[in-house]
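So this one's start04.cif, mmCIF, C-alpha atoms:
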```cif
data_entry
#
loop_
_atom_site.label_atom_id
_atom_site.label_comp_id
_atom_site.auth_asym_id
_atom_site.auth_seq_id
_atom_site.Cartn_x
_atom_site.Cartn_y
_atom_site.Cartn_z
CA MET H 19 147.46 112.82 111.57
CA LYS H 20 149.42 112.17 114.75
CA PRO H 21 149.37 108.54 115.93
CA LEU H 22 147.67 109.57 119.20
CA HIS H 23 144.88 111.35 117.34
CA ARG H 24 144.46 108.30 115.14
CA TRP H 25 144.02 106.09 118.21
CA VAL H 26 141.56 108.52 119.78
CA LEU H 27 139.54 108.62 116.57
CA ALA H 28 139.54 104.81 116.26
CA LEU H 29 138.48 104.43 119.90
CA ALA H 30 135.70 107.00 119.46
CA ALA H 31 134.49 105.23 116.32
CA CYS H 32 134.47 101.81 118.03
CA THR H 33 132.60 103.22 121.03
CA TRP H 34 130.07 104.81 118.72
CA VAL H 35 129.53 101.60 116.77
CA ALA H 36 129.14 99.61 120.00
CA ALA H 37 126.69 102.12 121.48
CA VAL H 38 124.59 102.21 118.32
CA GLY H 39 124.65 98.40 118.18
CA VAL H 40 123.44 98.12 121.78
CA GLY H 41 120.71 100.67 121.11
CA PHE H 42 119.37 98.84 118.08
CA THR H 43 119.57 95.51 119.88
CA LEU H 44 117.46 96.85 122.76
CA LEU H 45 115.00 98.33 120.27
CA ALA H 46 114.76 95.03 118.39
CA ARG H 47 114.23 93.13 121.65
CA TYR H 48 111.42 95.46 122.65
CA SER H 49 109.84 95.13 119.20
CA THR H 50 109.80 91.35 119.41
CA ASP H 51 108.85 91.10 123.09
CA ALA H 52 105.43 89.46 122.91
CA GLY H 53 102.60 90.12 125.34
CA ALA H 54 100.81 87.49 127.39
CA SER H 55 98.81 85.10 125.24
CA ALA H 56 95.15 84.54 125.89
CA ALA H 57 93.89 81.73 128.10
CA ALA H 58 90.93 81.50 125.76
CA PRO H 59 88.03 79.12 126.34
CA GLN H 60 87.90 76.32 123.79
CA VAL H 61 84.15 76.88 123.42
CA TRP H 62 82.38 80.23 123.05
CA PRO H 63 81.50 81.28 126.60
CA LEU H 64 77.80 80.95 127.32
CA ASP H 65 77.85 84.02 129.56
CA SER H 66 79.32 86.25 126.84
CA ARG H 67 77.26 89.36 126.09
CA MET H 68 78.19 89.11 122.43
CA ALA H 69 75.98 87.05 120.16
CA PRO H 70 77.45 83.55 119.68
CA PRO H 71 78.93 82.64 116.30
CA ASP H 72 76.04 80.49 115.11
CA GLY H 73 76.39 79.84 111.41
CA HIS H 74 79.32 82.15 110.90
CA TYR H 75 82.88 82.77 112.03
CA ARG H 76 83.41 85.29 114.80
CA LEU H 77 86.66 87.20 114.95
CA VAL H 78 87.17 89.11 118.18
CA MET H 79 89.97 91.57 118.85
CA THR H 80 90.60 93.07 122.27
CA LEU H 81 91.94 96.58 122.17
CA HIS H 82 93.53 99.00 124.60
CA PRO H 83 92.47 102.29 122.98
CA ASN H 84 95.73 104.08 123.79
CA CYS H 85 98.18 101.31 122.93
CA PRO H 86 100.43 102.65 120.15
CA CYS H 87 101.31 99.16 118.93
CA SER H 88 97.66 98.27 118.40
CA ARG H 89 97.31 100.92 115.74
CA ALA H 90 99.02 98.44 113.43
CA SER H 91 96.80 95.59 114.71
CA VAL H 92 93.69 97.52 113.71
CA VAL H 93 95.15 98.24 110.26
CA GLU H 94 95.85 94.54 109.87
CA LEU H 95 92.33 93.67 111.06
CA ASN H 96 91.02 95.89 108.27
CA ASN H 97 93.25 94.09 105.74
CA LEU H 98 92.14 90.72 107.09
CA MET H 99 88.44 91.53 106.93
CA SER H 100 88.93 92.67 103.31
CA LEU H 101 90.49 89.30 102.50
CA LEU H 102 87.63 87.45 104.22
CA ARG H 103 84.68 89.56 103.12
CA ARG H 104 83.11 86.65 101.24
CA ASP H 105 83.77 84.07 103.93
CA ASN H 106 80.93 84.73 106.38
CA VAL H 107 83.12 86.31 109.02
CA ARG H 108 81.82 88.82 111.53
CA GLY H 109 84.22 90.85 113.54
CA SER H 110 84.07 92.51 116.92
CA VAL H 111 86.54 94.83 118.59
CA LEU H 112 86.29 95.00 122.39
CA VAL H 113 87.62 98.38 123.53
CA VAL H 114 88.63 98.06 127.16
CA LYS H 115 87.71 101.08 129.27
CA PRO H 116 88.03 101.40 133.03
CA ALA H 117 84.67 102.44 134.48
CA GLU H 118 86.11 105.53 136.18
CA PHE H 119 87.70 106.89 132.99
CA PRO H 120 85.73 109.28 130.74
CA ASP H 121 84.46 108.27 127.31
CA ALA H 122 86.93 110.67 125.72
CA TRP H 123 89.71 108.33 126.87
CA ILE H 124 88.69 105.82 124.23
CA ASP H 125 88.24 108.37 121.45
CA THR H 126 91.55 107.49 119.80
CA GLU H 127 92.82 106.88 116.29
CA SER H 128 92.77 103.09 116.81
CA VAL H 129 89.12 103.10 117.88
CA ARG H 130 88.07 105.46 115.10
CA ASN H 131 89.84 103.27 112.54
CA ALA H 132 88.19 100.16 113.99
CA ARG H 133 84.75 101.76 113.60
CA ARG H 134 85.44 102.25 109.89
CA ILE H 135 86.13 98.57 109.19
CA ASP H 136 83.36 96.88 107.26
CA GLY H 137 81.90 93.88 109.03
CA VAL H 138 83.29 94.87 112.44
CA ASP H 139 81.32 96.05 115.48
CA VAL H 140 83.12 98.11 118.07
CA LEU H 141 81.96 97.42 121.62
CA VAL H 142 83.03 99.19 124.79
CA ASP H 143 84.16 96.64 127.32
CA VAL H 144 83.84 98.37 130.68
CA ASP H 145 86.52 97.17 133.09
CA GLY H 146 87.47 94.50 130.55
CA VAL H 147 84.84 92.07 131.77
CA GLU H 148 84.17 90.58 128.34
CA SER H 149 87.88 90.45 127.51
CA ALA H 150 88.56 88.60 130.76
CA ARG H 151 85.77 86.18 129.92
CA LEU H 152 87.63 85.39 126.70
CA GLY H 153 90.91 85.09 128.56
CA ALA H 154 92.53 88.00 126.69
CA GLN H 155 95.30 89.89 128.46
CA THR H 156 96.98 91.84 125.69
CA SER H 157 95.81 94.54 123.33
CA GLY H 158 95.64 93.23 119.77
CA GLN H 159 94.69 89.72 120.88
CA VAL H 160 92.54 88.06 118.22
CA LEU H 161 90.31 85.05 118.80
CA LEU H 162 88.61 83.18 115.99
CA TYR H 163 85.60 81.03 116.78
CA GLY H 164 84.00 78.80 114.17
CA PRO H 165 80.29 78.31 113.36
CA ASP H 166 80.38 75.38 115.77
CA ARG H 167 81.45 77.77 118.55
CA GLN H 168 84.84 76.09 118.81
CA LEU H 169 88.02 78.10 119.20
CA ARG H 170 90.00 77.97 115.96
CA PHE H 171 92.76 80.48 116.52
CA ALA H 172 94.23 82.69 119.25
CA GLY H 173 96.98 85.15 118.51
CA GLY H 174 98.00 88.48 117.04
CA LEU H 175 97.95 90.02 113.58
CA THR H 176 101.30 91.81 113.51
CA PRO H 177 104.81 90.40 112.95
CA ASP H 178 106.10 92.41 115.91
CA ARG H 179 105.23 95.45 118.02
CA GLY H 180 103.36 98.12 116.11
CA HIS H 181 104.60 96.74 112.82
CA GLN H 182 102.22 96.60 109.89
CA GLY H 183 102.61 94.00 107.20
CA ASP H 184 102.12 90.32 106.58
CA SER H 185 102.27 88.11 109.66
CA PRO H 186 102.02 84.45 110.69
CA GLY H 187 98.73 85.26 112.46
CA ARG H 188 97.06 86.67 109.37
CA GLN H 189 98.26 83.79 107.20
CA ARG H 190 96.97 81.20 109.68
CA ILE H 191 93.54 82.78 110.06
CA VAL H 192 93.08 83.03 106.29
CA SER H 193 94.23 79.43 105.86
CA LEU H 194 91.93 78.17 108.64
CA ILE H 195 88.89 79.87 107.17
CA LYS H 196 89.53 79.18 103.50
CA ASN H 197 91.18 75.75 103.76
CA GLY H 198 90.09 74.50 107.18
CA LYS H 199 93.67 73.99 108.32
CA ALA H 200 96.89 75.83 109.11
CA ASP H 201 100.41 75.06 110.29
CA ALA H 202 99.49 76.34 113.76
CA ARG H 203 96.50 77.76 115.62
CA GLU H 204 98.25 80.46 117.53
CA SER H 205 100.70 83.28 117.07
CA LEU H 206 102.45 85.82 119.23
CA VAL H 207 100.53 88.89 120.33
CA PHE H 208 102.24 92.28 120.49
CA GLY H 209 100.56 95.02 122.47
CA CYS H 210 100.09 96.70 125.82
CA PRO H 211 98.66 94.71 128.74
CA LEU H 212 94.91 95.29 129.04
CA GLY H 213 95.07 95.33 132.82
CA VAL H 214 92.26 92.82 133.14
CA THR H 215 92.27 89.97 135.60
CA VAL H 216 92.01 86.66 133.86
CA CYS H 217 91.38 83.54 135.87
CA PRO H 218 93.61 80.68 134.74
CA ARG H 219 91.58 77.97 133.07
CA PRO H 220 91.61 74.66 134.97
CA THR H 221 93.33 71.90 133.01
CA ALA H 222 91.56 68.55 133.04
CA PRO H 223 93.52 65.50 134.24
CA ALA H 224 94.21 63.03 131.44
CA GLY H 225 91.11 61.06 130.46
CA LYS H 226 88.66 63.35 132.29
CA GLY H 227 86.59 66.33 131.01
CA LEU H 228 85.68 69.58 132.84
CA MET O 28 145.05 137.82 71.22
CA GLN O 29 145.19 134.20 72.21
CA SER O 30 141.97 132.37 73.18
CA VAL O 31 141.75 129.92 76.06
CA SER O 32 141.69 127.02 73.61
CA ASP O 33 145.05 128.11 72.12
CA VAL O 34 146.84 127.91 75.45
CA GLN O 35 149.38 125.12 75.76
CA LEU O 36 149.68 123.99 79.37
CA ASN O 37 153.12 123.22 80.67
CA ASP O 38 153.85 120.92 83.60
CA ALA O 39 153.42 123.71 86.12
CA ASP O 40 150.01 124.57 84.65
CA VAL O 41 148.88 120.92 84.80
CA GLN O 42 149.98 120.79 88.41
CA ARG O 43 148.02 123.98 89.08
CA ALA O 44 144.94 122.36 87.44
CA GLU O 45 145.28 119.34 89.70
CA GLU O 46 145.60 121.60 92.75
CA LEU O 47 142.47 123.48 91.77
CA PHE O 48 140.63 120.20 91.21
CA GLN O 49 141.64 118.84 94.62
CA GLN O 50 140.63 122.13 96.26
CA GLN O 51 137.21 121.92 94.66
CA VAL O 52 136.79 118.27 95.68
CA ARG O 53 137.77 119.06 99.30
CA ALA O 54 135.40 122.02 99.31
CA ARG O 55 132.66 119.76 97.97
CA HIS O 56 133.30 117.17 100.66
CA GLY O 57 133.39 119.78 103.40
CA SER O 58 130.19 121.37 102.11
CA ALA O 59 128.45 117.97 102.00
CA ASP O 60 129.67 117.22 105.54
CA ARG O 61 128.14 120.47 106.78
CA MET O 62 124.89 119.71 104.96
CA PHE O 63 124.71 116.29 106.58
CA ALA O 64 125.55 117.73 110.00
CA VAL O 65 122.55 120.04 109.75
CA LEU O 66 120.46 117.13 108.46
CA MET O 67 121.51 114.95 111.43
CA ILE O 68 120.31 117.56 113.91
CA ALA O 69 117.09 118.14 111.95
CA GLN O 70 116.43 114.39 111.89
CA TRP O 71 117.01 114.15 115.62
CA ILE O 72 114.43 116.87 116.30
CA PHE O 73 112.05 115.27 113.82
CA GLY O 74 112.53 111.84 115.43
CA VAL O 75 111.63 113.17 118.87
CA ILE O 76 108.54 114.94 117.51
CA LEU O 77 107.58 111.77 115.65
CA ALA O 78 107.86 109.66 118.80
CA LEU O 79 105.82 112.21 120.76
CA LEU O 80 103.08 112.15 118.14
CA VAL O 81 103.02 108.43 117.30
CA SER O 82 103.94 106.63 120.53
CA PRO O 83 104.46 108.89 123.54
CA TYR O 84 103.25 106.38 126.14
CA ALA O 85 103.11 102.67 126.73
CA TRP O 86 100.13 101.50 128.74
CA ALA O 87 99.39 98.66 131.09
CA GLY O 88 95.71 98.90 131.86
CA LYS O 89 95.19 102.29 133.49
CA VAL O 90 98.85 103.06 134.04
CA ARG O 91 101.07 104.77 131.51
CA GLU O 92 104.77 105.45 131.23
CA PHE O 93 106.98 106.98 128.56
CA HIS O 94 107.21 104.70 125.57
CA PRO O 95 110.59 103.08 124.78
CA HIS O 96 110.36 104.68 121.34
CA LEU O 97 110.55 108.11 122.98
CA TYR O 98 113.74 107.13 124.79
CA ALA O 99 115.08 105.70 121.53
CA ALA O 100 114.33 108.90 119.65
CA VAL O 101 116.01 111.08 122.29
CA PHE O 102 119.04 108.99 123.20
CA MET O 103 119.66 106.87 120.16
CA GLY O 104 118.94 109.86 117.97
CA ALA O 105 121.51 111.87 119.93
CA GLY O 106 124.00 109.04 119.55
CA LEU O 107 123.43 108.74 115.82
CA ALA O 108 123.86 112.48 115.36
CA ALA O 109 126.57 113.43 117.86
CA PHE O 110 129.63 111.58 116.50
CA PRO O 111 129.07 112.49 112.82
CA VAL O 112 128.33 116.13 113.71
CA ALA O 113 131.52 116.27 115.81
CA LEU O 114 133.53 114.88 112.89
CA ALA O 115 131.95 117.39 110.51
CA LEU O 116 133.04 120.22 112.80
CA LEU O 117 136.51 118.91 113.67
CA ARG O 118 137.52 117.03 110.53
CA PRO O 119 135.46 118.33 107.58
CA GLY O 120 136.23 116.85 104.19
CA ARG O 121 138.12 113.82 105.54
CA VAL O 122 137.49 110.32 104.20
CA SER O 123 136.58 108.91 107.63
CA THR O 124 134.10 111.74 108.23
CA ARG O 125 132.03 111.04 105.17
CA HIS O 126 132.01 107.28 105.68
CA VAL O 127 130.79 107.72 109.27
CA MET O 128 128.27 110.28 108.05
CA VAL O 129 126.68 107.99 105.44
CA ALA O 130 126.66 105.01 107.81
CA SER O 131 124.80 107.14 110.34
CA GLN O 132 122.38 108.43 107.70
CA MET O 133 121.39 104.89 106.76
CA LEU O 134 120.99 103.98 110.43
CA TRP O 135 118.62 106.92 110.75
CA SER O 136 116.44 105.15 108.19
CA ALA O 137 116.40 102.08 110.43
CA LEU O 138 115.48 104.20 113.46
CA PHE O 139 112.66 106.00 111.65
CA ILE O 140 111.29 102.67 110.41
CA HIS O 141 111.25 101.43 114.02
CA LEU O 142 109.58 104.61 115.28
CA THR O 143 106.82 104.39 112.67
CA GLY O 144 106.23 100.67 113.15
CA GLY O 145 107.62 99.51 109.85
CA ARG O 146 105.44 101.86 107.85
CA ILE O 147 106.07 101.25 104.16
CA GLU O 148 106.34 104.96 103.37
CA THR O 149 109.18 105.38 105.87
CA HIS O 150 111.29 103.04 103.77
CA PHE O 151 111.46 105.83 101.18
CA HIS O 152 113.95 107.48 103.56
CA VAL O 153 116.49 104.83 102.52
CA PHE O 154 116.33 105.77 98.86
CA GLY O 155 116.18 109.49 99.54
CA SER O 156 119.27 109.19 101.74
CA LEU O 157 121.23 107.42 99.01
CA ALA O 158 120.55 110.36 96.71
CA PHE O 159 121.88 112.72 99.41
CA VAL O 160 124.99 110.55 99.78
CA ALA O 161 125.73 111.13 96.09
CA PHE O 162 126.32 114.82 96.93
CA TYR O 163 129.79 113.78 98.01
CA PHE O 164 130.69 112.87 94.42
CA ASP O 165 132.52 109.91 95.97
CA TRP O 166 131.16 106.54 94.80
CA LYS O 167 133.00 104.71 97.59
CA VAL O 168 130.68 106.10 100.28
CA LEU O 169 127.77 104.54 98.37
CA LEU O 170 129.41 101.20 99.15
CA THR O 171 129.36 102.02 102.87
CA ALA O 172 125.71 103.06 102.69
CA THR O 173 124.77 99.86 100.85
CA ALA O 174 126.74 97.71 103.27
CA VAL O 175 124.83 99.20 106.22
CA VAL O 176 121.45 98.52 104.58
CA ALA O 177 122.41 94.99 103.54
CA GLY O 178 123.94 94.26 106.94
CA ASP O 179 120.81 95.42 108.75
CA HIS O 180 118.59 93.25 106.56
CA LEU O 181 120.91 90.26 106.83
CA LEU O 182 121.09 90.42 110.63
CA ARG O 183 117.41 91.07 111.21
CA GLY O 184 116.51 88.50 108.56
CA MET O 185 118.46 85.92 110.57
CA LEU O 186 117.37 86.98 114.06
CA TYR O 187 113.91 88.53 113.60
CA PRO O 188 112.76 87.67 110.08
CA GLU O 189 109.16 88.63 110.76
CA SER O 190 110.26 92.19 111.35
CA VAL O 191 111.67 92.40 107.82
CA TYR O 192 109.62 90.03 105.69
CA GLY O 193 106.46 89.36 107.74
CA ILE O 194 107.08 85.62 107.75
CA ALA O 195 109.19 83.44 110.00
CA ASN O 196 110.96 81.46 107.28
CA PRO O 197 111.88 83.64 104.34
CA GLU O 198 114.05 82.30 101.57
CA TRP O 199 117.77 82.74 102.40
CA TRP O 200 118.22 85.12 99.47
CA ARG O 201 115.35 87.52 100.38
CA PHE O 202 117.72 90.07 101.85
CA LEU O 203 119.44 90.19 98.45
CA GLU O 204 116.15 91.26 96.85
CA HIS O 205 115.91 94.22 99.18
CA ALA O 206 119.61 95.10 98.80
CA GLY O 207 119.26 94.67 95.04
CA TRP O 208 116.95 97.68 94.77
CA VAL O 209 119.53 99.66 96.69
CA VAL O 210 122.27 98.52 94.30
CA PHE O 211 120.06 99.52 91.37
CA GLU O 212 120.01 103.10 92.63
CA ASP O 213 123.71 102.89 93.57
CA VAL O 214 124.76 102.14 90.01
CA VAL O 215 123.07 105.27 88.67
CA LEU O 216 124.30 107.44 91.54
CA ALA O 217 127.87 106.14 91.23
CA TRP O 218 127.82 106.96 87.53
CA SER O 219 126.59 110.46 88.34
CA CYS O 220 129.45 110.84 90.86
CA VAL O 221 132.02 109.88 88.22
CA ILE O 222 130.48 112.26 85.67
CA GLY O 223 130.33 115.00 88.29
CA LEU O 224 134.02 114.59 89.13
CA LYS O 225 134.92 114.61 85.45
CA GLU O 226 133.08 117.91 84.98
CA MET O 227 134.80 119.36 88.05
CA LYS O 228 138.14 118.34 86.61
CA GLY O 229 137.25 119.97 83.32
CA ILE O 230 136.34 123.17 85.15
CA ALA O 231 139.62 123.05 87.08
CA PHE O 232 141.62 122.65 83.87
CA ARG O 233 139.78 125.50 82.18
CA GLN O 234 140.45 127.67 85.21
CA ALA O 235 144.14 126.74 85.04
CA GLU O 236 144.17 127.59 81.33
CA VAL O 237 142.61 131.00 82.03
CA GLU O 238 145.16 131.66 84.75
CA ALA O 239 148.01 130.61 82.42
CA LEU O 240 146.69 132.81 79.61
CA LYS O 241 146.28 135.76 81.96
CA GLU O 242 149.82 135.26 83.26
CA ARG O 243 151.26 135.18 79.78
CA GLU O 244 149.32 138.21 78.63
CA GLU O 245 150.46 140.11 81.69
CA ALA O 246 154.05 139.08 80.99
CA LYS O 247 153.72 140.27 77.38
CA SER O 248 152.20 143.58 78.50
CA ALA O 249 155.04 144.12 80.97
CA ALA O 250 157.66 143.36 78.33
CA LEU O 251 155.94 145.74 75.85
CA GLU O 252 155.85 148.55 78.37
CA MET O 253 159.53 148.11 79.07
CA VAL O 254 160.38 148.32 75.37
CA LEU O 255 158.19 151.41 74.90
CA ARG O 256 159.87 153.08 77.84
CA GLU O 257 163.30 152.43 76.34
CA LEU O 258 162.23 153.77 72.95
CA GLN O 259 160.94 157.07 74.34
CA PRO O 260 163.48 159.84 73.77
CA SER O 261 165.15 161.08 76.98
CA PRO O 262 164.16 164.62 77.96
CA ALA O 263 167.87 165.81 77.73
CA ALA O 264 168.13 164.88 74.00
#
```

Rendering of file as structure tokens:
Amino acid sequence: MKPLHRWVLALAACTWVAAVGVGFTLLARYSTDAGASAAAPQVWPLDSRMAPPDGHYRLVMTLHPNCPCSRASVVELNNLMSLLRRDNVRGSVLVVKPAEFPDAWIDTESVRNARRIDGVDVLVDVDGVESARLGAQTSGQVLLYGPDRQLRFAGGLTPDRGHQGDSPGRQRIVSLIKNGKADARESLVFGCPLGVTVCPRPTAPAGKGL
Amino acid sequence: MQSVSDVQLNDADVQRAEELFQQQVRARHGSADRMFAVLMIAQWIFGVILALLVSPYAWAGKVREFHPHLYAAVFMGAGLAAFPVALALLRPGRVSTRHVMVASQMLWSALFIHLTGGRIETHFHVFGSLAFVAFYFDWKVLLTATAVVAGDHLLRGMLYPESVYGIANPEWWRFLEHAGWVVFEDVVLAWSCVIGLKEMKGIAFRQAEVEALKEREEAKSAALEMVLRELQPSPAA
């Protein structure tokens, strides 16, 4: 091969490798770009329309019905509920639906799969009122409240966007329920923004309560 | 009449056998390049359809826009396919073509795994692709394929371990476990490549023997005809 052709081929190969590398880097960044975490109340909100977790754990997941990444979150919720079926855990999935959108808008694979999970109720959250009450801003957000109505965990169930499989969130929830402790009480949430307006929770000055 | 097994090959015949063998190997490489070129385009179309079915839109409340996975399928897919397909058309059968081709094929596995959200079943594409790579009958390209898989796991294991292992602090050697299964398949495929080449060489030598035998029989027939012509009485006598 002529030297010039060799240089052209080498340059083309290097350009190709660089372009592919940039592409995969952008894809990896998107996959690991977490959504906004919940500003969840430390105590189960009194004005919640859901029954409080008296005597049992309550696991709540907020869901944008059309978020592709949350498909994996629902699968992982199913896996989690299977692991915890003997641990007095009740689950709820809040499906956020704008009031002006038709019911067919929430008839999606994620919602249908959520309805099939044992021990989980699927509730339509019109305009995301209930989700906002819980401080959730991202689809796939999971909140765990204990029998004492205290917040135990706030985070997601997937290792990154739309990715099924074991995750820090699942491990921590299982550890909190079965052992009463975990290395952390939160994890990153990966999903589409719910589009709800969440009021920031006031932080108490040191030494004073709300 | 001599049989093929009785033929003694001289140096010229051995050279002819080698030529035939190299021709068959080049034809094999070119044929595999064309197969992969078609596969690249088919995978690109499949990737776009997959993205349209699985994740066409990203949402923020009521607003939607095209999902980044759709852009990845269209543009990254085009990038993964274009250079190898160009090489297959312009430089079929070359060493560089097949190494680029197998590297791209393994990167397609990574792209499909991204597009399907790490679905376990999509990982089968890795092992299926290795079997396709063996069509080249060149064990060295298996090394390239394995290096791409191991490199991907090593990098992502260091930078985004949750995306590979589901936990933030995997053991340092975890990527070796994944690459190990790839090596397991590599060993068998490499052996099949060596056996395949040996059989091709055998075929080439047999073909050279047949050619040599045919040549000698033709030479004998020509010599016999000449003698018979000389022995025939001339019409004047």

Between atom CA of H:Gly213 and atom CA of H:Ala57, what distance in Å does the model show, to one decimal?
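Taking atom CA of H:Gly213 and atom CA of H:Ala57, their separation equals 14.4 Å.
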
Just the residues within 10 Å of O:Glu238, please, counting only C-alpha atoms, with nothing from its chain fewer than 3 positions along; format it as number ranges by chain.
O: 31, 40, 43-44, 232-235, 241-244

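Using all atoms listed in the file, the smallest distance between any of H:Leu95, H:Leu161, H:Ala154, H:Ala202 and H:Trp62 comes from H:Leu161.
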
Pull out every residue of chain O that has at least one atom within 9 Å of chain H, counting all atoms listed in the file, and report them as an MDAnalysis selection string.
chainID O and resid 81:90 94:96 99 102:103 106:107 110 127 134 137:138 141 143:147 183 187:195

Taking C-alpha atoms for each residue, export the selection above as a short mmCIF file (atom, residue, chain, number, x, y, z; two decimals), in the coordinates of the input.
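Final output, out07.cif:
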```
data_model
loop_
_atom_site.label_atom_id
_atom_site.label_comp_id
_atom_site.auth_asym_id
_atom_site.auth_seq_id
_atom_site.Cartn_x
_atom_site.Cartn_y
_atom_site.Cartn_z
CA VAL O 81 103.02 108.43 117.30
CA SER O 82 103.94 106.63 120.53
CA PRO O 83 104.46 108.89 123.54
CA TYR O 84 103.25 106.38 126.14
CA ALA O 85 103.11 102.67 126.73
CA TRP O 86 100.13 101.50 128.74
CA ALA O 87 99.39 98.66 131.09
CA GLY O 88 95.71 98.90 131.86
CA LYS O 89 95.19 102.29 133.49
CA VAL O 90 98.85 103.06 134.04
CA HIS O 94 107.21 104.70 125.57
CA PRO O 95 110.59 103.08 124.78
CA HIS O 96 110.36 104.68 121.34
CA ALA O 99 115.08 105.70 121.53
CA PHE O 102 119.04 108.99 123.20
CA MET O 103 119.66 106.87 120.16
CA GLY O 106 124.00 109.04 119.55
CA LEU O 107 123.43 108.74 115.82
CA PHE O 110 129.63 111.58 116.50
CA VAL O 127 130.79 107.72 109.27
CA LEU O 134 120.99 103.98 110.43
CA ALA O 137 116.40 102.08 110.43
CA LEU O 138 115.48 104.20 113.46
CA HIS O 141 111.25 101.43 114.02
CA THR O 143 106.82 104.39 112.67
CA GLY O 144 106.23 100.67 113.15
CA GLY O 145 107.62 99.51 109.85
CA ARG O 146 105.44 101.86 107.85
CA ILE O 147 106.07 101.25 104.16
CA ARG O 183 117.41 91.07 111.21
CA TYR O 187 113.91 88.53 113.60
CA PRO O 188 112.76 87.67 110.08
CA GLU O 189 109.16 88.63 110.76
CA SER O 190 110.26 92.19 111.35
CA VAL O 191 111.67 92.40 107.82
CA TYR O 192 109.62 90.03 105.69
CA GLY O 193 106.46 89.36 107.74
CA ILE O 194 107.08 85.62 107.75
CA ALA O 195 109.19 83.44 110.00
#
```

Which polymer residues have any atom within 7 Å of an atom of O:Ala64, counting only C-alpha atoms, with same-chain residues fewer than 4 positions away left out, as a list in words?
Asp60, Ile68, Pro111, Val112 and Ala115 of chain O

Let me make sure I understand: among H:Gly137, H:Pro70, H:Gly164, H:Pro21, which one has the smallest atom-to-atom distance to H:Met99 if we use only C-alpha atoms?
H:Gly137

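The spacing separating atom CA of H:Asn197 from atom CA of O:Pro197 amounts to 22.2 Å.
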
Please report the interatomic distance between atom CA of O:Gly223 and atom CA of O:Ser123 in Å with one decimal.
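Taking atom CA of O:Gly223 and atom CA of O:Ser123, their separation equals 21.2 Å.
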
For O:Met128, work out the shell of residues within 8 Å, counting only C-alpha atoms and skipping chain neighbours fewer than 2 positions away, then give it as JSON, numbers by chain.
{"O": [60, 63, 111, 124, 125, 126, 130, 131, 132]}

Counting all atoms listed in the file, note down every residue that has an atom within 6 Å of the point (100.1, 91.0, 120.1) (file coordinates), as a PyMOL selection string.
chain H and resi 53+158-159+174+206-209
